[in-house]
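Undergrad: My questions all concern the structure below.
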Amino acid sequence: MKKIHVVAHTHWDREWYFSDNEAFVQFSYHMDEVIYALENNELDYYYLDGQLSIVEDYLKIFPTKRENIKKLVEQNKLFIGPWYTQMDEFVVAGESVVKNLQIGMSLSEDLGGYTSLGYLPDSFGQGKDMPKIYQGFDIDHAVFWRGMPNEITSNREFFWEAEDGSKVLTINIRNGYYAGVALVEGDQTLQKSTLDMVSEDTISDEVVTLPVGGDQRAVDRQLKEIIAKANQELSGEYEIIESNYPHIFNILEQSKEKLPIVTGEFMSGSVSKIHRSIFSSRYDLKKINDTIENRLIFELQPLAVMADEMGIPYKGELIDYIWKLLLKNHAHDSIGGCNTDKTNRMIMARYQEADQLSYSNVDYLVRKISESLVETNENDVVVFNTLPTRRTEPFTIKISSKAKAITLVDKKRQQVPFEILNVEKVYAGEIRRSEEDYREDLYYYIYTLSVDYPLAAFNYSILQVKEHLDEIAALATTTTQSVVIENEFYRVAFENGEFNLTTKYNQKVYANCLSIEESGDEGDTYDYSPAYHDAFFDLTFKEASVSSQIGKLHSTIWLAGSWYVPKNLEERQQGLASCQLTYQLEVSLKQDTNRIELKLTIDNQADDHRMRLVFDSGIKTDVSYADTLFGTIERLNVDPHINDWRELGWKEEPTEIYPMIHFANVHNETASVSMLSKGIKEYQVQDNKLFMTLFRGVGFLGRPELLRRPGDASGNQFRYIPTPDSQLHGELTMELALVIEADYQPAAIQKNYQAYAIAPPYYQIQEINRFTNPIKYFQSNKVDHLNEMISYFDFSDLKLVVSSLELSKNGQWLHVRFNNPSLTKSVSETFELSEDFEVAWVNLYGVTLERLGVTKSISVEMEPGEIKTIAIKRKKRGIN
């Protein structure tokens, strides 16, 4: 007899083709029903989708229900956590996943405890780093549905292992988290066939998992009666019991020696839709998400630590509030962008709130510190390096001054090299309708400077602005159809409408290497799909107008022009191209920087199309590489089932379109070509070319019978839901950087990305320009006495990547997280702190693993892909 363990649950999408407000109204009643059903023994157990954000929302409005929920959790009747939201695993930063669990588990503990289960039943694929993240929180078990390939294992219970050896006992749900609805709603025949199906490929007849629930599904209050009746009708073959995941895994643990071990990521469409091209839906949402993630992780949190060291309290509650806004947008549908326009506008509103709160917090702290430092004076500029590594490449700042000429000196009165990239003349007096009424003596100048000055790791530097009477000319902008810019790494020539790039380490020429591919997209917000009557356009820069600004520190080429593409699918079918897309491309090189930085702005007015930047690498390879949550991955450029997937009955074509967090790479024995991006999350490698999806525009939430995804529509199968906003009309700005090196070194690429994505925050002490940030206009008190800043460390020479720097919950420890992104190489090295500190190794939740005592020297050994967090005890010298 097979024992069927029924898990009563709901899967609660915060938003989708409905808004979070609409879902919350239903949840406020749903939660009442859950509490009633458990308190009155209508159900023995209930799993609340593994996410706390919906419970937090409920308790804000109904705080009197807190004790009911806490009591049910403590009685092991209601199972909550560990997540804050049901997040995506492929396009958010690894530190966002860690923060999601940290916040979800902390909130759960306040309500009686979290379920120690990596539960992501509906995420569109499973990232390979999840086992080591789970193990970093002492989570030993996981449950998921989508993405598991048929050929990996015939068992639906297995150990899922990461490259560092971390592994979790895992259940892959058969036919989805809603499979058990047939037990509740079906007749005896359907019930029997459902139990037969879920009983296949299980390790033991004693534990067959059957989740009973679904999207926004109400409580099945008659479950006990239905189970009793089914047991009577199916007696002798099946025994059905109410169960829960902790109980199920306790039984599975007894058979774990029989279980296979599987590795890697799971993003196969063989048994479920996986939406392999959702990574380019709603590029605008993904870009602002990337901006806020980087600001929180690499600017605000480290800057807040600096401020706390100096006596300005760490506002952990405020930072967590911003994180929660962001994490609500990391739910798999939300970050995917596969929602109605109304919902996506609300998602964007949360992003804008998080954006404003995060940059305002940075602005406030740099001002407060700068104005309170005893060694600063009027016109000084305080520049902060919030990264744990030295910065040696030029950085850009803006200086306000009444002088027509300025110079910079450091505190040792040494001249600081810089180049003036731009000068803007601004009026400081009261505005009038006519500029003829303005007084000449009330004008000032805003200088945009490229500054060549080394910045110490995790510290600040003070530069002084010297004003002069003589006028210093800015860099000249010249207009010509051919131009060359270069630094010690590259020669970039734009000649006869083509980019020709030379790498100086080996003098290799990449001729006519950069273009734009434009094609139709008859897909939806879930998936790219070629148009039924498609036409591809190879868009070049031959007709562009060209200007340039060439300096020793910073050189730029600007191209401006327009392309003509089909206005819509009808024009594409007719062979017409009447829609004008204007564009500007900015290509920049900086001294001491091996990045070619690209900034492309397109005024998109066309419908149902996809645009990709194409770099011809000339590298013949069967595989590509990209960064993942806490590591890197190797992927095939041609899927082995690309030609027989329909015959195999797959749900969608395994097109070799892949996700990335921050970079994609191809390499061979002589060259490594990486493309870094700010918000672009999708790439493909074909014919020795690296394709980066800039954006795609589509007009429906779901469409049926796509060329890449046959069958019913995703989302809502019963009606078309137009999404005109998802056509992304208007100006779109995409930023990427090309890096070509002799060797592939993933840690160096990650560090290069951090230097590219994170500009040093700075503040100029001056009063002539009261609008350098939104709150500069208002008076601010100085801190009476700032403590001396402790720099703690310099990890510039470390072969590891630092992914996070923040305070512990109690504020007594500084947590620094490292990871080894290599797939094959272990790292063993020793690093030095600035002085002796008490240190310890902690897990991702901050629990102490090993105390190292008081020391200055720390030895670290890390396996490929491994994550480790060092905790440094702070010397709280008079901190408020």
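Letters A, B, ... go to the chains of the structure tokens in the order shown; residues in each chain start at 1; ligands are counted from 1 in the same order.
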Could you list, as a ChimeraX atom specification, every residue within 9 Å of segment 283-294 of chain A, counting only C-alpha atoms and ignoring same-chain residues fewer than 2 positions away?
TA: /A:91-93,95-96,279-281,296-300,323,326,329-330,335-337,344,347-348,351-352,354-355,358-359,661,678-681,694-696,728,732-734,754,757-758
Undergrad: May I have all residues of segment 272-399 of chain A that DSSP, computed from the backbone, assigns to helix (DSSP H, G or I), given as an NGL selection string?
TA: :A and (278-280 or 283-310 or 316-328 or 332-336 or 341-372)
Undergrad: Could you tell me which of A:Thr525, A:Thr628, A:Gln591, A:Thr540 comes closest to Ser555 of chain A if we count only C-alpha atoms?
TA: A:Gln591
Undergrad: Counting only C-alpha atoms, figure out which residue out of A:Leu442, A:Leu648, A:Leu833, A:Ala405 gets nearest to Glu471 of chain A.
TA: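 Distance minimum relative to Glu471 of chain A lands on A:Ala405.
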Undergrad: Can you list, as a VMD selection string, every protein, DNA or RNA residue that comes within 12 Å of Phe795 of chain A when you count only C-alpha atoms, leaving out same-chain residues fewer than 4 positions away?
TA: chain A and resid 387 to 391 456 to 458 751 791 799 to 803 816 to 818 829 to 834 858
Undergrad: Would you give me, as a VMD selection string, the residues in segment 35-169 of chain A that DSSP reads as strand (DSSP E)?
TA: chain A and resid 46 to 47 78 to 79 118 to 120 141 to 144 157 to 161 167 to 169
Undergrad: Could you state the separation of atom CA of Gly81 of chain A and atom CA of Lys342 of chain A in Å, given to one decimal place?
TA: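 Atom CA of Lys342 of chain A lies 28.4 Å from atom CA of Gly81 of chain A.
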Undergrad: Between A:Phe24, A:Glu67, A:Lys77, A:Asp129, which one has atoms that come closest to Tyr46 of chain A, using only C-alpha atoms?
TA: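 Closest to Tyr46 of chain A, using only C-alpha atoms: A:Lys77.
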Undergrad: Leaving out Arg708 of chain A and any residue of its chain fewer than 3 positions from it, which residues lie within 8 Å of it when counting only C-alpha atoms, given as a count of residues only?
TA: 6
Undergrad: Which polymer residues have any atom within 7 Å of an atom of segment 232-239 of chain A, counting only C-alpha atoms, with same-chain residues fewer than 2 positions away left out, as a list in words?
TA: Met1, Lys2, Lys3, Ile4, Ala228, Lys229, Ala230 and Ile241 of chain A
Undergrad: Identify, on the basis of only C-alpha atoms, every residue whose closest approach to Asp607 of chain A does not exceed 7 Å; exclude the query and any residue fewer than 5 positions from it along the same chain; express the result as a list in words.
TA: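 Once the nearby chain positions are removed, what remains is Lys567, Asn568, Gly697, Val698 and Gln727 of chain A.
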Undergrad: With distances taken over only C-alpha atoms, which of A:Ser277, A:Asp308, A:Leu559, A:Gln717 is nearest to Gln684 of chain A?
TA: A:Ser277
Undergrad: Which residues are near Ser450 of chain A? Cut-off 12 Å, only C-alpha atoms, ignore same chain within fewer than 4 positions. Put them as a list in words.
TA: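 So, after excluding close chain neighbours, the residues are Glu393, Pro394, Phe395, Thr396, Ile397, Lys398, Ile399, Leu408, Val416, Pro417, Phe418, Glu419, Ile420, Leu421, Asn422, Ala474, Leu475, Gly551, Lys552, Leu553, His554, Ser555, Leu589, Lys590, Gln591 and Ala759 of chain A.
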Undergrad: Find the distance between atom CA of Tyr744 of chain A and atom CA of Val673 of chain A and write it in Å to one decimal.
TA: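 Computing the Euclidean distance for atom CA of Tyr744 of chain A and atom CA of Val673 of chain A yields 8.1 Å.
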Undergrad: Would you work out the distance separating atom CA of Tyr58 of chain A from atom CA of Gln26 of chain A, expressed in Å to one decimal?
TA: 10.6 Å
Undergrad: Hey, which of A:Asp49, A:Glu495, A:Asp524, A:Asp797 ends up closest to Asp608 of chain A? Count only C-alpha atoms.
TA: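 Result for the nearest residue to Asp608 of chain A: A:Asp524.
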Undergrad: Which is closer to Ile657 of chain A than all the others in A:Thr386, A:Ser268, A:Gln135, A:Asn250, using only C-alpha atoms?
TA: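 Using only C-alpha atoms, the shortest distance to Ile657 of chain A belongs to A:Ser268.
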